[in-house]
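File shown: work-v5.cif (mmCIF, C-alpha atoms).
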```cif
data_work
#
loop_
_atom_site.label_atom_id
_atom_site.label_comp_id
_atom_site.auth_asym_id
_atom_site.auth_seq_id
_atom_site.Cartn_x
_atom_site.Cartn_y
_atom_site.Cartn_z
CA MET B 1 -33.88 16.62 20.32
CA MET B 2 -34.16 18.50 17.00
CA ASP B 3 -34.24 16.79 13.64
CA ARG B 4 -31.02 16.92 11.63
CA GLU B 5 -32.57 18.96 8.82
CA ASN B 6 -32.81 21.87 11.27
CA TYR B 7 -29.02 22.28 11.13
CA ASN B 8 -29.69 24.51 8.13
CA ASP B 9 -31.89 26.70 10.32
CA LEU B 10 -29.20 26.83 12.99
CA TYR B 11 -26.70 27.98 10.39
CA ALA B 12 -29.10 30.67 9.20
CA PHE B 13 -29.57 31.89 12.77
CA MET B 14 -25.80 31.96 13.30
CA LEU B 15 -25.35 34.11 10.19
CA VAL B 16 -28.09 36.54 11.28
CA ALA B 17 -26.47 36.87 14.72
CA ASN B 18 -23.03 37.24 13.17
CA GLU B 19 -24.12 39.90 10.67
CA GLY B 20 -26.59 41.64 12.99
CA SER B 21 -29.00 41.84 10.06
CA PHE B 22 -31.53 39.64 8.31
CA THR B 23 -30.78 41.39 5.03
CA LYS B 24 -27.00 40.83 5.16
CA ALA B 25 -27.46 37.20 6.19
CA ALA B 26 -29.98 36.66 3.38
CA ASN B 27 -27.53 38.15 0.85
CA LYS B 28 -24.79 35.77 2.01
CA LEU B 29 -27.08 32.77 1.65
CA GLY B 30 -28.60 33.99 -1.62
CA VAL B 31 -32.16 33.86 -0.31
CA ALA B 32 -34.94 36.39 0.29
CA GLN B 33 -34.86 38.44 3.49
CA SER B 34 -38.39 37.37 4.30
CA GLY B 35 -37.41 33.72 4.00
CA ILE B 36 -34.56 33.90 6.49
CA SER B 37 -36.69 35.94 8.89
CA ARG B 38 -39.34 33.23 8.79
CA THR B 39 -36.69 30.53 9.30
CA VAL B 40 -35.48 32.13 12.51
CA ARG B 41 -39.05 32.64 13.79
CA ASP B 42 -39.84 28.97 13.14
CA LEU B 43 -36.64 27.99 14.97
CA GLU B 44 -37.69 30.05 18.00
CA VAL B 45 -41.10 28.35 17.98
CA ARG B 46 -39.57 24.87 17.89
CA LEU B 47 -37.06 25.67 20.64
CA GLY B 48 -39.69 27.46 22.74
CA VAL B 49 -37.43 30.46 23.46
CA GLN B 50 -36.88 33.91 21.97
CA LEU B 51 -33.44 34.18 20.38
CA LEU B 52 -33.47 37.71 18.96
CA THR B 53 -34.85 41.04 20.10
CA ARG B 54 -36.02 42.90 17.01
CA THR B 55 -36.31 46.70 16.80
CA THR B 56 -36.63 49.00 13.82
CA ARG B 57 -32.95 49.89 14.06
CA LYS B 58 -31.14 46.72 15.05
CA LEU B 59 -31.19 43.12 16.18
CA SER B 60 -29.80 41.96 19.49
CA LEU B 61 -29.41 38.54 21.03
CA THR B 62 -31.38 37.47 24.08
CA GLN B 63 -29.57 35.50 26.77
CA ALA B 64 -30.81 32.25 25.20
CA GLY B 65 -29.81 33.54 21.77
CA GLU B 66 -26.30 34.38 23.01
CA GLN B 67 -25.91 30.84 24.35
CA LEU B 68 -27.13 29.26 21.12
CA TYR B 69 -24.92 31.57 19.05
CA ARG B 70 -21.78 30.51 20.95
CA THR B 71 -22.74 26.86 20.57
CA THR B 72 -23.48 27.05 16.85
CA GLN B 73 -20.40 29.15 16.13
CA SER B 74 -18.01 26.68 17.80
CA SER B 75 -19.79 23.66 16.34
CA PHE B 76 -19.80 24.91 12.75
CA GLN B 77 -16.18 26.02 13.14
CA ALA B 78 -15.27 22.50 14.26
CA LEU B 79 -17.14 21.09 11.26
CA ASP B 80 -15.31 23.46 8.90
CA ASN B 81 -11.99 22.39 10.41
CA GLY B 82 -12.91 18.75 9.95
CA LEU B 83 -13.85 19.28 6.32
CA SER B 84 -10.61 21.16 5.74
CA MET B 85 -8.73 18.20 7.18
CA LEU B 86 -10.51 15.87 4.76
CA ALA B 87 -9.39 18.10 1.90
CA HIS B 88 -5.86 17.85 3.26
CA TYR B 89 -6.05 14.04 3.21
CA ARG B 90 -7.48 14.13 -0.30
CA GLU B 91 -4.79 16.41 -1.68
CA THR B 92 -1.73 15.66 0.48
CA PRO B 93 -0.05 12.26 0.77
CA SER B 94 -0.60 11.25 4.38
CA GLY B 95 -1.80 8.35 6.49
CA THR B 96 -0.80 4.68 6.49
CA VAL B 97 -0.03 2.47 3.49
CA ARG B 98 0.17 -1.28 4.26
CA ILE B 99 1.97 -3.43 1.69
CA ASN B 100 2.35 -7.20 1.76
CA ALA B 101 5.52 -8.47 0.07
CA SER B 102 8.31 -11.02 0.29
CA GLN B 103 11.50 -10.20 2.15
CA HIS B 104 13.24 -10.20 -1.24
CA ALA B 105 10.86 -7.58 -2.65
CA ILE B 106 11.10 -5.41 0.47
CA ASP B 107 14.90 -5.49 0.61
CA LYS B 108 15.72 -5.17 -3.08
CA VAL B 109 12.88 -2.97 -4.36
CA LEU B 110 10.57 -1.34 -1.80
CA LEU B 111 13.15 -0.10 0.70
CA PRO B 112 15.58 1.38 -1.84
CA LYS B 113 12.84 3.13 -3.83
CA LEU B 114 10.57 4.25 -0.98
CA ALA B 115 13.36 5.56 1.24
CA VAL B 116 12.73 9.01 -0.32
CA PHE B 117 9.39 9.16 1.54
CA LYS B 118 11.25 10.13 4.72
CA GLN B 119 12.03 13.54 3.20
CA LEU B 120 9.34 13.95 0.53
CA TYR B 121 6.25 12.62 2.35
CA PRO B 122 6.89 12.68 6.11
CA GLU B 123 3.16 12.33 6.85
CA VAL B 124 3.00 8.92 5.17
CA ARG B 125 3.47 5.86 7.40
CA LEU B 126 4.65 2.78 5.50
CA GLU B 127 3.99 -0.73 6.82
CA LEU B 128 5.96 -3.27 4.75
CA ILE B 129 4.93 -6.70 5.99
CA SER B 130 6.99 -9.71 4.90
CA GLU B 131 5.16 -12.94 4.03
CA SER B 132 6.35 -16.08 2.26
CA ARG B 133 2.75 -17.12 1.56
CA PHE B 134 0.14 -15.70 -0.78
CA VAL B 135 -2.34 -13.59 1.17
CA ASP B 136 -5.70 -12.08 0.35
CA ILE B 137 -4.79 -8.40 0.65
CA ILE B 138 -8.45 -7.36 0.91
CA GLU B 139 -9.32 -9.83 3.65
CA GLU B 140 -6.13 -9.07 5.60
CA LYS B 141 -6.54 -5.29 5.18
CA PHE B 142 -3.51 -4.47 3.06
CA ASP B 143 -3.60 -1.54 0.66
CA ALA B 144 -1.41 -3.34 -1.86
CA GLY B 145 0.77 -6.40 -2.37
CA VAL B 146 3.81 -7.39 -4.40
CA ARG B 147 3.99 -10.56 -6.48
CA LEU B 148 5.54 -11.87 -9.65
CA GLY B 149 3.48 -10.82 -12.66
CA GLY B 150 2.04 -14.27 -13.29
CA ASP B 151 0.84 -14.62 -9.69
CA VAL B 152 -1.33 -11.50 -9.49
CA GLY B 153 -4.96 -12.47 -8.94
CA GLU B 154 -7.80 -11.66 -11.30
CA GLY B 155 -9.57 -8.35 -10.79
CA MET B 156 -6.48 -6.67 -9.38
CA ILE B 157 -4.76 -3.66 -10.92
CA ALA B 158 -1.08 -4.54 -11.41
CA VAL B 159 1.85 -2.20 -11.99
CA ARG B 160 5.25 -3.61 -12.97
CA ILE B 161 7.99 -2.40 -10.61
CA THR B 162 11.02 -4.46 -11.71
CA PRO B 163 12.40 -5.93 -14.92
CA ASP B 164 12.18 -9.67 -15.46
CA ILE B 165 13.79 -11.75 -12.71
CA GLU B 166 16.37 -14.34 -13.72
CA MET B 167 16.67 -17.46 -11.59
CA VAL B 168 20.10 -19.00 -11.01
CA VAL B 169 21.44 -22.30 -9.72
CA VAL B 170 24.40 -21.73 -7.39
CA ALA B 171 26.70 -23.65 -5.09
CA THR B 172 30.02 -23.14 -3.33
CA PRO B 173 33.28 -24.07 -5.08
CA GLU B 174 33.76 -26.81 -2.47
CA HIS B 175 30.38 -28.31 -3.30
CA LEU B 176 31.21 -28.42 -7.00
CA GLN B 177 34.62 -29.93 -6.34
CA ARG B 178 32.92 -32.75 -4.44
CA TYR B 179 29.90 -33.41 -6.65
CA GLY B 180 31.05 -32.05 -10.00
CA PHE B 181 29.53 -29.48 -12.38
CA PRO B 182 26.08 -30.45 -13.67
CA GLN B 183 25.90 -30.16 -17.45
CA THR B 184 22.12 -30.49 -17.84
CA PRO B 185 19.18 -30.14 -15.43
CA LYS B 186 18.97 -33.95 -15.27
CA ASP B 187 22.39 -34.02 -13.58
CA LEU B 188 20.91 -32.26 -10.55
CA THR B 189 19.66 -35.61 -9.28
CA GLU B 190 23.28 -36.30 -8.24
CA HIS B 191 23.44 -33.17 -6.08
CA PRO B 192 22.05 -32.37 -2.63
CA CYS B 193 19.83 -29.35 -3.10
CA ILE B 194 18.15 -26.71 -0.99
CA ALA B 195 14.37 -26.50 -1.46
CA TYR B 196 11.71 -23.82 -1.11
CA GLN B 197 8.45 -24.87 0.54
CA PHE B 198 5.09 -23.17 -0.01
CA ALA B 199 2.60 -22.56 2.78
CA ASP B 200 0.61 -25.65 1.73
CA GLY B 201 3.68 -27.87 2.28
CA SER B 202 4.49 -28.46 -1.39
CA LEU B 203 7.99 -27.88 -2.75
CA TYR B 204 8.77 -25.36 -5.45
CA LEU B 205 9.86 -27.10 -8.64
CA TRP B 206 12.94 -25.62 -10.29
CA GLU B 207 12.21 -24.44 -13.82
CA PHE B 208 14.55 -24.57 -16.83
CA TRP B 209 14.39 -24.11 -20.59
CA GLN B 210 15.68 -27.08 -22.55
CA ASP B 211 15.23 -27.59 -26.30
CA GLY B 212 12.65 -24.82 -26.38
CA LYS B 213 10.53 -26.42 -23.65
CA LEU B 214 10.00 -25.47 -20.02
CA ILE B 215 10.98 -28.41 -17.82
CA LYS B 216 10.76 -28.78 -14.04
CA HIS B 217 13.03 -30.42 -11.50
CA LYS B 218 11.98 -31.50 -8.01
CA PRO B 219 15.01 -30.91 -5.77
CA GLN B 220 16.21 -33.76 -3.58
CA ALA B 221 16.60 -31.74 -0.44
CA GLN B 222 17.84 -32.29 3.09
CA TRP B 223 17.36 -28.59 3.81
CA ILE B 224 14.00 -26.94 3.21
CA PHE B 225 13.09 -23.28 3.82
CA SER B 226 10.26 -20.88 3.08
CA ASP B 227 12.41 -17.85 2.32
CA SER B 228 14.78 -17.30 -0.61
CA TYR B 229 17.14 -15.32 1.59
CA ILE B 230 17.65 -18.32 3.86
CA GLU B 231 18.12 -20.57 0.81
CA ALA B 232 20.95 -18.32 -0.37
CA ALA B 233 22.46 -18.26 3.14
CA ALA B 234 22.32 -22.07 3.29
CA ALA B 235 24.05 -22.31 -0.10
CA ARG B 236 26.86 -20.06 1.19
CA ARG B 237 27.36 -22.53 4.03
CA GLY B 238 27.85 -25.34 1.53
CA LEU B 239 24.61 -27.14 2.43
CA GLY B 240 23.68 -27.77 -1.20
CA MET B 241 22.69 -26.17 -4.47
CA ALA B 242 20.16 -23.37 -4.39
CA TYR B 243 17.75 -21.99 -7.01
CA VAL B 244 17.24 -18.31 -6.23
CA PRO B 245 16.77 -14.89 -7.90
CA GLU B 246 20.07 -13.66 -9.34
CA ASP B 247 20.08 -10.38 -7.43
CA LEU B 248 20.14 -12.24 -4.10
CA VAL B 249 23.56 -13.71 -4.89
CA ALA B 250 25.05 -11.12 -7.26
CA GLU B 251 27.83 -10.18 -4.82
CA ASP B 252 28.63 -13.84 -4.11
CA LEU B 253 28.95 -14.55 -7.82
CA GLU B 254 31.20 -11.54 -8.30
CA GLN B 255 33.41 -12.54 -5.39
CA GLY B 256 33.44 -16.22 -6.30
CA THR B 257 32.03 -17.45 -2.99
CA LEU B 258 29.20 -19.00 -5.02
CA ILE B 259 29.43 -20.40 -8.56
CA ARG B 260 26.60 -20.35 -11.06
CA VAL B 261 25.83 -23.45 -13.12
CA LEU B 262 23.38 -24.37 -15.90
CA LYS B 263 23.27 -20.78 -17.13
CA ARG B 264 22.21 -21.76 -20.67
CA TYR B 265 19.03 -23.33 -19.23
CA SER B 266 18.05 -20.35 -17.07
CA HIS B 267 14.44 -19.25 -16.65
CA ARG B 268 13.09 -15.73 -16.22
CA PHE B 269 9.93 -14.59 -14.45
CA ALA B 270 7.82 -11.61 -15.49
CA GLY B 271 9.14 -9.22 -12.85
CA LEU B 272 7.61 -8.03 -9.61
CA HIS B 273 4.30 -6.16 -9.76
CA LEU B 274 2.60 -3.98 -7.18
CA TYR B 275 -1.10 -4.84 -7.18
CA TYR B 276 -4.15 -3.30 -5.54
CA PRO B 277 -7.93 -3.81 -5.79
CA HIS B 278 -9.30 -0.54 -7.25
CA ARG B 279 -8.37 2.68 -8.98
CA ASN B 280 -9.77 5.01 -6.30
CA VAL B 281 -6.58 5.05 -4.25
CA SER B 282 -5.42 7.46 -1.56
CA PRO B 283 -2.84 10.14 -2.38
CA ALA B 284 -0.34 8.24 -0.22
CA LEU B 285 -0.78 4.98 -2.14
CA ARG B 286 -0.73 6.93 -5.40
CA MET B 287 2.71 8.30 -4.51
CA VAL B 288 3.89 4.78 -3.65
CA ILE B 289 2.70 3.57 -7.05
CA GLU B 290 4.29 6.45 -8.95
CA THR B 291 7.58 6.07 -7.07
CA LEU B 292 7.80 2.32 -7.69
CA LYS B 293 6.89 2.73 -11.37
CA MET B 294 9.98 4.86 -11.99
CA LYS B 295 12.78 3.44 -14.16
CA TYR B 296 13.71 -0.03 -12.96
CA THR B 297 17.37 0.98 -12.88
CA ASP B 298 16.81 3.80 -10.38
#
```

Translate the structure described by the file into structure tokens.
Amino acid sequence: MMDRENYNDLYAFMLVANEGSFTKAANKLGVAQSGISRTVRDLEVRLGVQLLTRTTRKLSLTQAGEQLYRTTQSSFQALDNGLSMLAHYRETPSGTVRINASQHAIDKVLLPKLAVFKQLYPEVRLELISESRFVDIIEEKFDAGVRLGGDVGEGMIAVRITPDIEMVVVATPEHLQRYGFPQTPKDLTEHPCIAYQFADGSLYLWEFWQDGKLIKHKPQAQWIFSDSYIEAAAARRGLGMAYVPEDLVAEDLEQGTLIRVLKRYSHRFAGLHLYYPHRNVSPALRMVIETLKMKYTD
């Protein structure tokens, strides 16, 4: 088996055979004619066969040379094709982009904005994986993740993709008729609530602004979920008050099927951010980033 450095010699031989001339092959490589002639002679010595028949007028391939020429020609052509394909991947958005996000982020942000990829970038495959827990996107082999701005881990590059998110407390009209309208966050202790549970089993504490201070309320809940969509669905069924992002219940508020309370105490989060571990991203992920960075109102 020949050493890998002899691939250069094989290429030189292929050029000589292709051009039918040491001089023409040497000119293409930018080397001396004597050098390429010596390269081919050394190759013949190592292989133990004569590859070329040399006369004063022309070069011709021996049977062994013809076989080697066909092999080198097809092999280097395959290599050229492979390198061209790499250039295609480098310059053209293609391949798979895996993004970890909540169902809320996928439904309200990623799907509406990235739907254009079907026409613009048909070679890009998008995997949008819904999780209610925080995941290590590097360990679990995601290209990017989506979190609220304050939850993005250190060392990650973060790009804002939504405006601030306002949280709302909502309930059905029937619920409010039965339990009354809370006037302050403290009044929530008199109401059955719907809670959000983290992966570690802890409950999310509802956050409000009161007298210039951020206060927290632990909901007294009979119903506990790990998805804001299900919280909103449970609230629609009259199972209690829910604390969810406003855009999840915008239609309900407009139609009056849910009523918002404690608006003056509302809290906002610093929007959703797409985050990823390094700046050397693929063209496909770059297009995802640029598309999601477009005006939040798009």

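Closest to Leu292 of chain B among B:Lys28, B:Lys118, B:His278, B:Lys113 is B:Lys113, based on all atoms listed in the file.
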
Near Tyr243 of chain B, within 9 Å and counting all atoms listed in the file, which residues show up once chain neighbours fewer than 6 positions away are dropped, as an mmCIF file with C-alpha atoms, keeping the file's coordinate frame?
```
data_model
loop_
_atom_site.group_PDB
_atom_site.id
_atom_site.type_symbol
_atom_site.label_atom_id
_atom_site.label_comp_id
_atom_site.auth_asym_id
_atom_site.auth_seq_id
_atom_site.Cartn_x
_atom_site.Cartn_y
_atom_site.Cartn_z
ATOM 1 C CA MET B 167 16.670 -17.460 -11.590
ATOM 2 C CA VAL B 168 20.100 -19.000 -11.010
ATOM 3 C CA VAL B 169 21.440 -22.300 -9.720
ATOM 4 C CA VAL B 170 24.400 -21.730 -7.390
ATOM 5 C CA CYS B 193 19.830 -29.350 -3.100
ATOM 6 C CA ILE B 194 18.150 -26.710 -0.990
ATOM 7 C CA ALA B 195 14.370 -26.500 -1.460
ATOM 8 C CA TYR B 196 11.710 -23.820 -1.110
ATOM 9 C CA TRP B 206 12.940 -25.620 -10.290
ATOM 10 C CA SER B 228 14.780 -17.300 -0.610
ATOM 11 C CA GLU B 231 18.120 -20.570 0.810
ATOM 12 C CA ALA B 232 20.950 -18.320 -0.370
#
```

Selection result for the PyMOL selection byres ((chain B and resi 198) around 10) on this file, as a count of residues only: 15

Output, as lines of an AutoDock Vina configuration file, the centre and edge lengths in Å (one decimal) of the axis-aligned box that contains all listed atoms of segment 45-50 of chain B with 8 Å of margin on each side.
```
center_x = -39.0
center_y = 29.4
center_z = 20.7
size_x = 20.2
size_y = 25.0
size_z = 21.6
```

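The protein and nucleic acid residues lying at most 6 Å from segment 9-24 of chain B are Asn6, Asn27, Gln33, Val40, Leu59 and Tyr69 of chain B, with only C-alpha atoms considered and sequence neighbours fewer than 3 positions away removed.
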
Hits of the PyMOL selection byres ((chain B and resi 289) around 10) in this structure, as JSON, numbers by chain: {"B": [114, 144, 158, 159, 160, 161, 274, 275, 276, 281, 283, 284, 285, 286, 287, 288, 290, 291, 292, 293, 294]}

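Comparing B:Glu44, B:Thr39, B:Pro182, B:Leu148 by their smallest distance to Asp164 of chain B, the closest is B:Leu148 (using all atoms listed in the file).
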
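We find atom CA of Lys108 of chain B and atom CA of Thr162 of chain B to be spaced 9.9 Å apart.
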
Selection result for the PyMOL selection byres ((chain B and resi 254-256) around 12) on this file, as an NGL selection string: :B and (170-174 or 236 or 246-253 or 257-260)

10 Å contact set for Ile137 of chain B, only C-alpha atoms, chain neighbours under 2 positions out, as a list in words: Arg98, Ile99, Asn100, Phe134, Val135, Glu139, Glu140, Lys141, Phe142, Asp143, Ala144, Gly145, Tyr275, Tyr276 and Pro277 of chain B

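Nearest residue to Pro185 of chain B, choosing from B:Pro245, B:Tyr265, B:Asp136, B:Leu214 and counting only C-alpha atoms: B:Tyr265.
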
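With atom CA of Thr71 of chain B on one side and atom CA of Gln50 of chain B on the other, the separation reads 15.9 Å.
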
Near-Gln103 of chain B list (10 Å; all atoms listed in the file; drop same-chain fewer than 6 positions) as JSON, numbers by chain: {"B": [109, 110, 128, 129, 130, 131, 132, 227, 228, 229]}

Between atom CA of Arg237 of chain B and atom CA of Pro192 of chain B, distance in Å (one decimal): 13.0 Å

Among the residues B:Leu120, B:Ala115, B:Ala270, B:Leu205, the one that comes closest to Ser94 of chain B [using all atoms listed in the file]: B:Leu120

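Nearest residue to Leu79 of chain B, choosing from B:His175, B:Arg38, B:Tyr7, B:Gln183 and counting all atoms listed in the file: B:Tyr7.
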